[in-house]
$ cat data31.txt   # compact mmCIF, C-alpha atoms and all ligand atoms
# COMPACT_ATOMS: atom_id res chain seq x y z
CA MET A 1239 0.00 0.00 0.00
CA SER A 1240 1.28 3.43 -0.93
CA ARG A 1241 0.81 6.32 1.50
CA LEU A 1242 1.86 8.77 -1.23
CA PHE A 1243 -1.20 7.88 -3.27
CA GLU A 1244 -3.65 7.90 -0.39
CA PRO A 1245 -6.05 10.86 -0.34
CA LEU A 1246 -5.45 13.69 2.12
CA THR A 1247 -8.54 15.34 3.59
CA LEU A 1248 -8.15 18.81 5.07
CA ARG A 1249 -11.39 20.35 6.31
CA ALA A 1250 -13.97 19.41 3.64
CA VAL A 1251 -11.46 19.21 0.78
CA THR A 1252 -10.11 15.82 -0.24
CA ILE A 1253 -6.91 15.91 -2.24
CA PRO A 1254 -6.78 12.62 -4.18
CA ASN A 1255 -3.07 11.99 -3.56
CA ARG A 1256 -0.09 13.59 -1.84
CA VAL A 1257 1.94 14.62 -4.89
CA PHE A 1258 1.62 18.40 -5.05
CA VAL A 1259 2.78 20.76 -7.78
CA SER A 1260 5.09 23.18 -5.99
CA PRO A 1261 4.48 26.85 -6.83
CA MET A 1262 6.59 27.89 -9.81
CA CYS A 1263 6.76 31.40 -11.23
CA GLU A 1264 6.59 31.34 -15.00
CA TYR A 1265 7.26 35.06 -15.50
CA SER A 1266 4.90 34.96 -18.46
CA CYS A 1267 1.99 37.24 -17.58
CA THR A 1268 1.07 40.67 -18.83
CA ASP A 1269 -0.52 42.92 -16.20
CA GLY A 1270 -0.66 39.94 -13.82
CA LEU A 1271 -3.05 38.03 -16.10
CA PRO A 1272 -2.48 34.28 -16.45
CA ASN A 1273 -2.89 33.06 -20.02
CA ASP A 1274 -2.69 30.03 -22.33
CA TRP A 1275 0.80 29.21 -21.04
CA HIS A 1276 -0.56 28.83 -17.51
CA LEU A 1277 -3.52 26.75 -18.69
CA VAL A 1278 -1.22 24.31 -20.48
CA HIS A 1279 1.52 24.35 -17.82
CA LEU A 1280 -0.79 23.79 -14.83
CA GLY A 1281 -3.28 21.77 -16.85
CA SER A 1282 -0.59 19.28 -17.93
CA ARG A 1283 0.35 18.57 -14.33
CA ALA A 1284 -3.34 17.96 -13.53
CA VAL A 1285 -3.57 15.56 -16.49
CA GLY A 1286 -0.33 14.12 -15.12
CA GLY A 1287 -2.14 13.02 -11.96
CA CYS A 1288 -0.89 15.43 -9.28
CA GLY A 1289 -3.34 15.60 -6.39
CA LEU A 1290 -2.94 19.32 -5.79
CA VAL A 1291 -1.90 21.86 -8.40
CA LEU A 1292 -0.59 25.01 -6.75
CA THR A 1293 -0.17 28.07 -8.94
CA GLU A 1294 2.93 30.19 -8.99
CA ALA A 1295 3.17 33.15 -6.61
CA ALA A 1296 0.25 35.41 -7.44
CA SER A 1297 0.86 38.90 -6.15
CA VAL A 1298 -1.57 40.74 -3.88
CA SER A 1299 -0.58 44.07 -5.47
CA PRO A 1300 1.36 45.34 -8.50
CA GLU A 1301 4.37 46.35 -6.37
CA GLY A 1302 4.41 42.90 -4.76
CA ARG A 1303 5.49 41.20 -7.99
CA ILE A 1304 8.98 39.76 -8.32
CA THR A 1305 8.96 40.83 -11.98
CA PRO A 1306 6.54 42.77 -14.17
CA TRP A 1307 5.63 39.38 -15.71
CA ASP A 1308 4.41 37.77 -12.47
CA ALA A 1309 0.87 36.54 -11.98
CA GLY A 1310 -1.52 38.64 -9.94
CA ILE A 1311 -4.71 38.34 -7.95
CA TRP A 1312 -5.34 42.01 -7.20
CA ASN A 1313 -8.11 42.81 -9.70
CA PRO A 1314 -11.31 41.35 -11.20
CA ALA A 1315 -9.75 40.78 -14.65
CA GLN A 1316 -7.24 38.42 -13.02
CA VAL A 1317 -10.09 36.55 -11.33
CA GLU A 1318 -11.68 35.98 -14.75
CA ALA A 1319 -8.34 34.88 -16.24
CA TRP A 1320 -7.77 32.28 -13.50
CA LYS A 1321 -11.28 30.80 -13.84
CA PRO A 1322 -10.75 28.59 -16.94
CA ILE A 1323 -7.46 27.31 -15.52
CA VAL A 1324 -9.10 26.40 -12.21
CA LYS A 1325 -11.99 24.77 -14.06
CA PHE A 1326 -9.67 22.62 -16.17
CA ILE A 1327 -7.62 21.48 -13.14
CA LYS A 1328 -10.86 20.43 -11.42
CA SER A 1329 -12.09 18.63 -14.53
CA GLN A 1330 -9.05 16.34 -14.22
CA GLY A 1331 -9.87 15.42 -10.62
CA SER A 1332 -7.04 17.53 -9.17
CA VAL A 1333 -7.50 20.21 -6.55
CA PRO A 1334 -6.52 23.77 -7.57
CA GLY A 1335 -4.62 25.93 -5.08
CA ILE A 1336 -3.22 29.43 -5.38
CA GLN A 1337 -0.11 30.85 -3.76
CA ILE A 1338 -0.73 34.40 -2.55
CA ALA A 1339 2.40 36.50 -2.30
CA HIS A 1340 4.19 39.81 -1.89
CA ALA A 1341 7.85 39.97 -2.89
CA GLY A 1342 8.84 42.85 -0.57
CA ARG A 1343 12.46 43.94 -1.00
CA LYS A 1344 13.03 41.26 -3.67
CA ALA A 1345 10.39 42.73 -6.01
CA SER A 1346 11.07 44.71 -9.19
CA CYS A 1347 13.41 42.28 -10.94
CA ALA A 1348 14.05 41.10 -14.48
CA GLN A 1349 12.99 37.66 -15.74
CA PRO A 1350 15.62 35.04 -14.81
CA TRP A 1351 16.33 34.33 -18.48
CA SER A 1352 17.08 38.05 -18.95
CA GLY A 1353 19.62 37.92 -16.15
CA GLY A 1354 17.28 38.34 -13.16
CA GLY A 1355 18.36 40.91 -10.59
CA PRO A 1356 16.92 44.32 -9.86
CA LEU A 1357 15.19 46.23 -12.62
CA ALA A 1358 16.03 49.94 -12.70
CA LEU A 1359 13.20 52.47 -12.33
CA ASP A 1360 13.74 53.66 -15.92
CA ALA A 1361 13.56 50.07 -17.20
CA GLY A 1362 10.09 49.29 -15.82
CA GLY A 1363 11.13 48.72 -12.20
CA TRP A 1364 9.66 50.32 -9.07
CA LYS A 1365 10.63 51.30 -5.53
CA THR A 1366 10.30 48.25 -3.28
CA LEU A 1367 8.88 47.90 0.24
CA GLY A 1368 10.31 46.01 3.20
CA PRO A 1369 10.33 45.86 6.99
CA SER A 1370 13.49 47.99 7.13
CA ALA A 1371 15.69 49.85 4.67
CA VAL A 1372 18.06 46.87 4.57
CA PRO A 1373 18.91 45.71 1.05
CA PHE A 1374 19.11 42.10 -0.11
CA GLY A 1375 22.70 41.78 -1.34
CA ARG A 1376 23.24 44.20 -4.21
CA TYR A 1377 19.52 44.99 -4.57
CA PRO A 1378 18.36 48.57 -3.81
CA ALA A 1379 17.30 49.21 -0.22
CA PRO A 1380 13.51 49.01 0.16
CA ARG A 1381 11.41 51.72 1.78
CA GLU A 1382 10.59 50.83 5.38
CA MET A 1383 6.87 50.14 5.62
CA SER A 1384 4.86 52.38 7.92
CA ALA A 1385 2.08 51.04 10.16
CA THR A 1386 -0.36 52.30 7.51
CA ASP A 1387 1.49 50.38 4.76
CA ILE A 1388 1.28 47.26 6.91
CA GLU A 1389 -2.46 47.69 7.42
CA ALA A 1390 -2.96 48.22 3.69
CA CYS A 1391 -0.94 45.11 2.89
CA VAL A 1392 -2.99 42.98 5.30
CA ALA A 1393 -6.09 44.26 3.50
CA ASP A 1394 -4.48 43.30 0.17
CA PHE A 1395 -3.95 39.73 1.41
CA ARG A 1396 -7.59 39.58 2.53
CA LEU A 1397 -8.84 40.86 -0.84
CA ALA A 1398 -6.53 38.46 -2.67
CA ALA A 1399 -8.14 35.60 -0.74
CA ASP A 1400 -11.64 36.88 -1.63
CA ARG A 1401 -10.68 37.02 -5.29
CA SER A 1402 -9.03 33.60 -5.23
CA LEU A 1403 -12.27 32.20 -3.89
CA GLN A 1404 -14.23 33.90 -6.68
CA ALA A 1405 -11.86 32.29 -9.19
CA GLY A 1406 -12.79 28.87 -7.76
CA PHE A 1407 -9.62 27.86 -5.92
CA GLU A 1408 -10.02 25.26 -3.16
CA VAL A 1409 -6.74 25.91 -1.34
CA ALA A 1410 -5.03 29.23 -0.56
CA GLU A 1411 -1.33 29.17 0.30
CA VAL A 1412 0.23 32.26 1.90
CA HIS A 1413 3.83 32.73 0.75
CA ALA A 1414 5.92 33.48 3.84
CA ALA A 1415 9.17 31.98 2.51
CA HIS A 1416 12.17 32.62 0.27
CA GLY A 1417 13.04 36.10 1.48
CA TYR A 1418 9.81 37.70 0.31
CA LEU A 1419 7.86 40.22 2.35
CA LEU A 1420 6.43 38.06 5.16
CA HIS A 1421 9.69 36.15 5.62
CA GLU A 1422 11.53 39.50 5.66
CA PHE A 1423 9.47 40.55 8.68
CA LEU A 1424 10.16 37.25 10.45
CA SER A 1425 13.91 37.35 10.04
CA PRO A 1426 16.24 39.53 12.11
CA ILE A 1427 18.49 39.72 9.03
CA SER A 1428 15.98 41.90 7.17
CA ASN A 1429 13.89 43.25 10.04
CA VAL A 1430 15.69 45.74 12.31
CA ARG A 1431 12.58 47.70 13.30
CA SER A 1432 12.13 49.00 16.81
CA ASP A 1433 8.33 49.30 16.80
CA ASP A 1434 5.68 46.62 17.43
CA PHE A 1435 6.70 44.83 14.23
CA GLY A 1436 10.39 44.30 15.01
CA GLY A 1437 12.76 43.18 17.73
CA SER A 1438 11.33 40.27 19.75
CA LEU A 1439 10.16 37.10 18.05
CA SER A 1440 6.52 37.90 18.80
CA ASN A 1441 6.92 41.37 17.27
CA ARG A 1442 8.61 40.00 14.13
CA MET A 1443 5.80 37.45 13.76
CA ARG A 1444 3.06 40.06 14.20
CA PHE A 1445 2.57 41.20 10.59
CA PRO A 1446 3.02 37.73 8.99
CA LEU A 1447 0.43 36.39 11.46
CA MET A 1448 -1.92 39.28 10.63
CA ALA A 1449 -1.63 38.50 6.91
CA CYS A 1450 -2.23 34.77 7.50
CA GLN A 1451 -5.18 35.55 9.78
CA ALA A 1452 -6.68 37.84 7.13
CA VAL A 1453 -6.52 35.02 4.58
CA ARG A 1454 -7.87 32.46 7.06
CA ASP A 1455 -10.77 34.80 7.94
CA ALA A 1456 -11.61 35.42 4.28
CA TRP A 1457 -11.35 31.75 3.31
CA PRO A 1458 -14.39 29.54 3.93
CA LYS A 1459 -14.37 27.29 6.98
CA GLU A 1460 -14.65 24.19 4.80
CA LYS A 1461 -11.52 24.98 2.75
CA PRO A 1462 -7.90 24.71 3.86
CA VAL A 1463 -5.25 27.43 4.06
CA PHE A 1464 -1.56 26.58 3.76
CA VAL A 1465 1.44 28.72 4.65
CA ARG A 1466 4.82 28.25 2.96
CA ILE A 1467 7.74 29.10 5.22
CA SER A 1468 11.50 29.08 5.03
CA ALA A 1469 12.46 27.05 8.09
CA SER A 1470 15.99 28.50 8.13
CA ASP A 1471 17.95 31.41 6.72
CA TRP A 1472 21.00 29.12 6.66
CA LYS A 1473 22.93 31.90 8.37
CA ASP A 1474 23.96 32.50 11.98
CA GLY A 1475 21.79 35.11 13.68
CA GLY A 1476 18.98 34.59 11.16
CA TRP A 1477 15.61 32.87 11.20
CA ASP A 1478 15.92 29.25 12.26
CA LEU A 1479 14.07 26.03 13.00
CA GLU A 1480 13.32 26.90 16.62
CA GLN A 1481 11.64 30.17 15.63
CA SER A 1482 9.85 28.34 12.80
CA VAL A 1483 8.36 25.88 15.28
CA ALA A 1484 7.12 28.80 17.41
CA PHE A 1485 5.64 30.46 14.31
CA CYS A 1486 3.95 27.23 13.20
CA ARG A 1487 2.38 26.77 16.66
CA GLU A 1488 0.76 30.19 16.18
CA LEU A 1489 -0.34 29.22 12.67
CA LYS A 1490 -1.90 26.05 14.00
CA ALA A 1491 -3.73 27.98 16.71
CA MET A 1492 -5.29 30.31 14.11
CA GLY A 1493 -6.54 27.39 12.02
CA ILE A 1494 -3.89 27.10 9.31
CA ASP A 1495 -4.19 23.57 7.95
CA LEU A 1496 -0.75 22.75 6.56
CA VAL A 1497 2.73 24.27 6.52
CA ASP A 1498 4.70 23.89 3.30
CA VAL A 1499 8.26 23.73 4.58
CA SER A 1500 10.97 25.24 2.41
CA SER A 1501 14.09 27.17 3.41
CA GLY A 1502 16.47 29.97 2.51
CA GLY A 1503 16.18 32.95 0.21
CA ASN A 1504 16.56 35.83 2.68
CA ALA A 1505 20.35 36.04 3.05
CA HIS A 1506 22.38 36.63 -0.10
CA ASP A 1507 25.34 34.89 1.58
CA GLN A 1508 23.37 31.87 2.90
CA LYS A 1509 25.28 28.59 3.13
CA ILE A 1510 22.83 25.87 2.13
CA VAL A 1511 23.86 22.24 2.42
CA LEU A 1512 22.17 20.75 -0.65
CA GLY A 1513 21.34 17.10 -1.17
CA PRO A 1514 18.38 14.83 -1.89
CA GLY A 1515 15.46 15.81 0.36
CA TYR A 1516 17.65 18.34 2.17
CA GLN A 1517 14.67 20.22 3.65
CA VAL A 1518 12.74 17.13 4.76
CA PRO A 1519 14.22 17.18 8.31
CA PHE A 1520 12.74 20.68 8.80
CA SER A 1521 9.33 19.37 7.79
CA ALA A 1522 9.66 16.38 10.13
CA ALA A 1523 10.64 18.60 13.07
CA ILE A 1524 7.81 21.08 12.48
CA ARG A 1525 5.24 18.31 12.03
CA ARG A 1526 6.39 16.72 15.29
CA ASP A 1527 7.03 19.80 17.44
CA ALA A 1528 4.27 22.12 16.24
CA GLY A 1529 1.78 19.31 15.67
CA ILE A 1530 0.64 20.62 12.29
CA PRO A 1531 0.43 18.78 8.96
CA THR A 1532 3.29 19.60 6.60
CA ALA A 1533 4.39 19.27 3.00
CA ALA A 1534 8.06 18.62 2.33
CA VAL A 1535 9.82 20.15 -0.66
CA GLY A 1536 13.28 20.35 -2.19
CA LEU A 1537 15.17 17.82 -4.29
CA ILE A 1538 12.50 15.18 -3.96
CA THR A 1539 12.80 13.47 -7.32
CA GLU A 1540 12.21 9.72 -6.95
CA ALA A 1541 9.00 7.81 -6.30
CA VAL A 1542 10.50 5.67 -3.54
CA GLN A 1543 12.00 8.74 -1.90
CA ALA A 1544 8.64 10.58 -1.93
CA GLU A 1545 6.87 7.48 -0.62
CA HIS A 1546 9.45 7.21 2.18
CA VAL A 1547 9.00 10.86 3.24
CA VAL A 1548 5.25 10.43 3.59
CA SER A 1549 5.10 6.87 4.92
CA THR A 1550 7.65 7.58 7.66
CA GLY A 1551 5.60 10.56 8.86
CA GLN A 1552 8.14 13.22 7.92
CA ALA A 1553 5.44 15.03 5.95
CA ASP A 1554 1.82 14.58 4.94
CA ALA A 1555 2.58 15.38 1.30
CA VAL A 1556 5.43 16.28 -1.01
CA CYS A 1557 5.72 19.33 -3.27
CA LEU A 1558 7.73 18.82 -6.44
CA ALA A 1559 8.97 21.58 -8.70
CA ARG A 1560 11.84 20.83 -11.10
CA ALA A 1561 11.10 17.09 -11.34
CA LEU A 1562 7.62 18.06 -12.55
CA LEU A 1563 9.05 20.51 -15.07
CA ARG A 1564 11.12 17.68 -16.49
CA ASP A 1565 8.21 15.26 -16.45
CA PRO A 1566 4.62 16.53 -16.13
CA TYR A 1567 3.57 12.86 -15.78
CA TRP A 1568 5.87 12.27 -12.81
CA ALA A 1569 2.90 11.26 -10.62
CA ARG A 1570 1.70 8.68 -13.18
CA HIS A 1571 5.16 7.18 -13.49
CA ALA A 1572 5.61 7.19 -9.70
CA ALA A 1573 2.26 5.48 -9.21
CA LYS A 1574 3.15 2.78 -11.71
CA SER A 1575 6.50 2.11 -10.06
CA LEU A 1576 4.81 1.88 -6.65
CA GLY A 1577 2.20 -0.53 -7.97
CA VAL A 1578 -0.68 1.94 -7.72
CA ASP A 1579 -3.40 2.08 -10.32
CA LEU A 1580 -3.89 5.80 -10.98
CA LYS A 1581 -6.75 6.29 -13.39
CA TRP A 1582 -5.70 7.86 -16.71
CA PRO A 1583 -7.94 10.31 -18.55
CA ASP A 1584 -10.27 8.44 -20.93
CA GLN A 1585 -8.57 10.08 -23.88
CA TYR A 1586 -5.23 8.51 -22.88
CA LEU A 1587 -6.37 5.07 -21.71
CA ARG A 1588 -4.69 3.31 -24.61
CA ALA A 1589 -1.31 4.46 -23.28
CA ASP A 1590 -1.88 2.80 -19.91
CA VAL A 1591 -0.75 -0.79 -20.48
CA GLY A 1592 2.30 -2.56 -21.80
CA PRO A 1593 5.03 -1.33 -24.12
CA PHE A 1594 2.72 -1.57 -27.16
CA GLY A 1595 -0.32 0.03 -25.50
CA ARG A 1596 -3.88 -1.26 -25.92
C1 LIG A 1601 10.95 27.83 -12.16
C2 LIG A 1601 10.73 27.89 -10.69
C3 LIG A 1601 9.88 28.86 -10.15
C4 LIG A 1601 9.62 28.91 -8.78
N1 LIG A 1601 8.69 29.80 -8.29
C5 LIG A 1601 8.28 29.69 -7.00
C6 LIG A 1601 7.15 30.41 -6.54
O1 LIG A 1601 6.46 31.11 -7.28
N2 LIG A 1601 6.82 30.28 -5.22
C7 LIG A 1601 7.52 29.46 -4.38
O2 LIG A 1601 7.18 29.38 -3.19
N3 LIG A 1601 8.58 28.75 -4.80
C8 LIG A 1601 8.95 28.82 -6.10
N4 LIG A 1601 9.96 28.02 -6.56
C9 LIG A 1601 10.57 27.04 -5.64
C10 LIG A 1601 9.91 25.68 -5.78
O3 LIG A 1601 8.52 25.73 -5.47
C11 LIG A 1601 10.58 24.62 -4.90
O4 LIG A 1601 10.42 24.99 -3.56
C12 LIG A 1601 12.08 24.49 -5.22
O5 LIG A 1601 12.31 24.48 -6.61
C13 LIG A 1601 12.65 23.20 -4.63
O6 LIG A 1601 11.93 22.07 -5.11
P1 LIG A 1601 12.50 21.12 -6.29
O7 LIG A 1601 13.84 20.60 -5.81
O8 LIG A 1601 11.45 20.04 -6.42
O9 LIG A 1601 12.65 21.92 -7.53
C14 LIG A 1601 10.26 27.98 -7.92
C15 LIG A 1601 11.14 27.04 -8.46
C16 LIG A 1601 11.37 26.97 -9.82
C17 LIG A 1601 12.28 25.89 -10.36
$ encode --input "data31.txt" --output "structure tokens"
Amino acid sequence: MSRLFEPLTLRAVTIPNRVFVSPMCEYSCTDGLPNDWHLVHLGSRAVGGCGLVLTEAASVSPEGRITPWDAGIWNPAQVEAWKPIVKFIKSQGSVPGIQIAHAGRKASCAQPWSGGGPLALDAGGWKTLGPSAVPFGRYPAPREMSATDIEACVADFRLAADRSLQAGFEVAEVHAAHGYLLHEFLSPISNVRSDDFGGSLSNRMRFPLMACQAVRDAWPKEKPVFVRISASDWKDGGWDLEQSVAFCRELKAMGIDLVDVSSGGNAHDQKIVLGPGYQVPFSAAIRRDAGIPTAAVGLITEAVQAEHVVSTGQADAVCLARALLRDPYWARHAAKSLGVDLKWPDQYLRADVGPFGR
């Protein structure tokens, strides 16, 4: 029996298996509008049998985008553009989820294939926001957010959740990882404020918790909310596992249903020790010590490895990114190798058996 291909029920939503599409920016929108690329990209992974298809980071506001080509969920036109994508994912039996994000001091960049890095104001860039005027590496220093900015941003997260619901999403994931705005508030590397939003752990957690609470409040009781965190800055004096456990206990208390456990992204000089499943121990520790369901992510590439992570209780699900870019049918191939009969779409049934098909 495979645990990986057992359904996962969170509130009233049943995700048919525990292979999740990890959020992946495609940097292919205009004005934050998802398009045919997103339909085919996300749709293929639904056809490929993934239980949950999470969108890329969808920004809560124009200035929250990593690049001008990021997806958005700040206006009604974007709601309409997401609808056919959500509908197609559902038609394949997968559950559609949206990642709601603000890039903070790491916003206003070029597409990675154009070199990435900060985009100058006269090249379509904009002035970024952050907890403090502390730059990320060679990026420009952001403007320190005022209490009014913080309030407005919490309202943006709430509205983004409302709009995601209108678009038909079943799961909302708040992006509090990878050195983007909410992670920046959590970490003493990027947050040197001396007001109620900086200093002590509880002060640094205040705004991220407000944003998560706003999404939880806006999201229906019968649908789950996830939060993606970076469990470590991989740098002395930064955010770490112990603080992550404290944060996740608060998330659990407010009714967050699952923590998607990633790491890094907030210190330009981080020292990550990479290897297969290198972030899984963070997930295991958070699941155990905060008592909240988790998804593990990061260099999970093999069926047996993913099965092991879930069946040994290190996570309730796995998120895959690059392995799913290489093979949109990863879940189908994994199921086959684990001896699980994952139903193919009717249109593709003849591909399901033997080297010569049916
Ligand atoms: C092309 C690409 C885009 C990504 N965009 C996002 C994103 O929008 N939000 C996010 O939380 N992580 C993003 N990530 C990180 C992945 O979700 C994942 O955490 C990371 O790639 C590690 O998983 P992997 O080893 O399976 O690729 C992105 C990764 C890739 C490769």
$ closest_residue --input "data31.txt" --among "A:Arg1487, A:His1413, A:Arg1442, A:Arg1588" --to "ligand LIG 1601 (chain A)" --atoms "only C-alpha atoms and all ligand atoms"
A:His1413
$ residues_around --input "data31.txt" --residues "Thr1247 in chain A" --least-positions-apart "3" --cutoff "12 Å" --atoms "all atoms listed in the file" --output "MDAnalysis selection string"
chainID A and resid 1244 1250:1256 1289:1290 1333 1409 1460:1462 1495:1496 1531 1554:1555
$ closest_residue --input "data31.txt" --among "A:Gln1451, A:Gln1585, A:Thr1293, A:Thr1305" --to "ligand LIG 1601 (chain A)" --atoms "all atoms listed in the file"
A:Thr1293
$ residues_near_ligand --input "data31.txt" --ligand "ligand LIG 1601 (chain A)" --cutoff "7 Å" --atoms "all atoms listed in the file" --output "list in words"
Ser1260, Pro1261, Met1262, Cys1263, Glu1264, Glu1294, Ala1295, His1413, Ala1415, His1416, Arg1466, Ser1500, Val1535, Gly1536, Leu1537, Ile1538, Thr1539, Cys1557, Leu1558, Ala1559, Arg1560 and Ala1561 of chain A
$ residues_around --input "data31.txt" --residues "Leu1562 in chain A" --least-positions-apart "5" --cutoff "8 Å" --atoms "all atoms listed in the file" --output "list in words"
Val1259, Arg1283, Tyr1567 and Trp1568 of chain A
$ write_last_selection --input "data31.txt" --atoms "C-alpha atoms" --output "mmCIF file, in the frame of the given file"
data_model
loop_
_atom_site.group_PDB
_atom_site.id
_atom_site.type_symbol
_atom_site.label_atom_id
_atom_site.label_comp_id
_atom_site.auth_asym_id
_atom_site.auth_seq_id
_atom_site.Cartn_x
_atom_site.Cartn_y
_atom_site.Cartn_z
ATOM 1 C CA VAL A 1259 2.780 20.760 -7.780
ATOM 2 C CA ARG A 1283 0.350 18.570 -14.330
ATOM 3 C CA TYR A 1567 3.570 12.860 -15.780
ATOM 4 C CA TRP A 1568 5.870 12.270 -12.810
#
$ atom_distance --input "data31.txt" --atom1 "CA of Thr1268 in chain A" --atom2 "CA of Leu1397 in chain A"
20.5 Å
$ residues_around --input "data31.txt" --residues "Ser1299 in chain A" --least-positions-apart "2" --cutoff "9 Å" --atoms "only C-alpha atoms" --output "short mmCIF file (atom, residue, chain, number, x, y, z; two decimals) with C-alpha atoms, keeping the file's coordinate frame"
data_model
loop_
_atom_site.label_atom_id
_atom_site.label_comp_id
_atom_site.auth_asym_id
_atom_site.auth_seq_id
_atom_site.Cartn_x
_atom_site.Cartn_y
_atom_site.Cartn_z
CA ALA A 1296 0.25 35.41 -7.44
CA SER A 1297 0.86 38.90 -6.15
CA GLU A 1301 4.37 46.35 -6.37
CA GLY A 1302 4.41 42.90 -4.76
CA ARG A 1303 5.49 41.20 -7.99
CA GLY A 1310 -1.52 38.64 -9.94
CA ILE A 1311 -4.71 38.34 -7.95
CA TRP A 1312 -5.34 42.01 -7.20
CA ASN A 1313 -8.11 42.81 -9.70
CA ALA A 1339 2.40 36.50 -2.30
CA HIS A 1340 4.19 39.81 -1.89
CA CYS A 1391 -0.94 45.11 2.89
CA ASP A 1394 -4.48 43.30 0.17
CA PHE A 1395 -3.95 39.73 1.41
CA ALA A 1398 -6.53 38.46 -2.67
#
$ closest_residue --input "data31.txt" --among "A:Trp1364, A:Phe1445, A:Tyr1265, A:Phe1326" --to "Met1383 in chain A" --atoms "all atoms listed in the file"
A:Phe1445
$ closest_residue --input "data31.txt" --among "A:Gly1287, A:Gly1577, A:Pro1272, A:Gly1515" --to "Ser1501 in chain A" --atoms "all atoms listed in the file"
A:Gly1515
$ residues_around --input "data31.txt" --residues "Ser1521 in chain A" --least-positions-apart "5" --cutoff "8 Å" --atoms "all atoms listed in the file" --output "JSON, numbers by chain"
{"A": [1498, 1499, 1532, 1533, 1534, 1552, 1553]}
$ closest_residue --input "data31.txt" --among "A:Gly1355, A:Gly1502, A:Gly1493, A:Pro1334" --to "Trp1457 in chain A" --atoms "only C-alpha atoms"
A:Gly1493
$ atom_distance --input "data31.txt" --atom1 "CA of Ala1541 in chain A" --atom2 "CA of Val1257 in chain A"
9.9 Å
$ atom_distance --input "data31.txt" --atom1 "CA of Ala1452 in chain A" --atom2 "CA of Val1392 in chain A"
6.6 Å
$ closest_residue --input "data31.txt" --among "A:Trp1477, A:Phe1258, A:Trp1307, A:Phe1243" --to "Ser1428 in chain A" --atoms "only C-alpha atoms"
A:Trp1477
$ residues_around --input "data31.txt" --residues "range 1433-1439 of chain A" --least-positions-apart "6" --cutoff "8 Å" --atoms "only C-alpha atoms" --output "list in words"
Phe1423, Leu1424, Pro1426, Phe1445 and Gln1481 of chain A
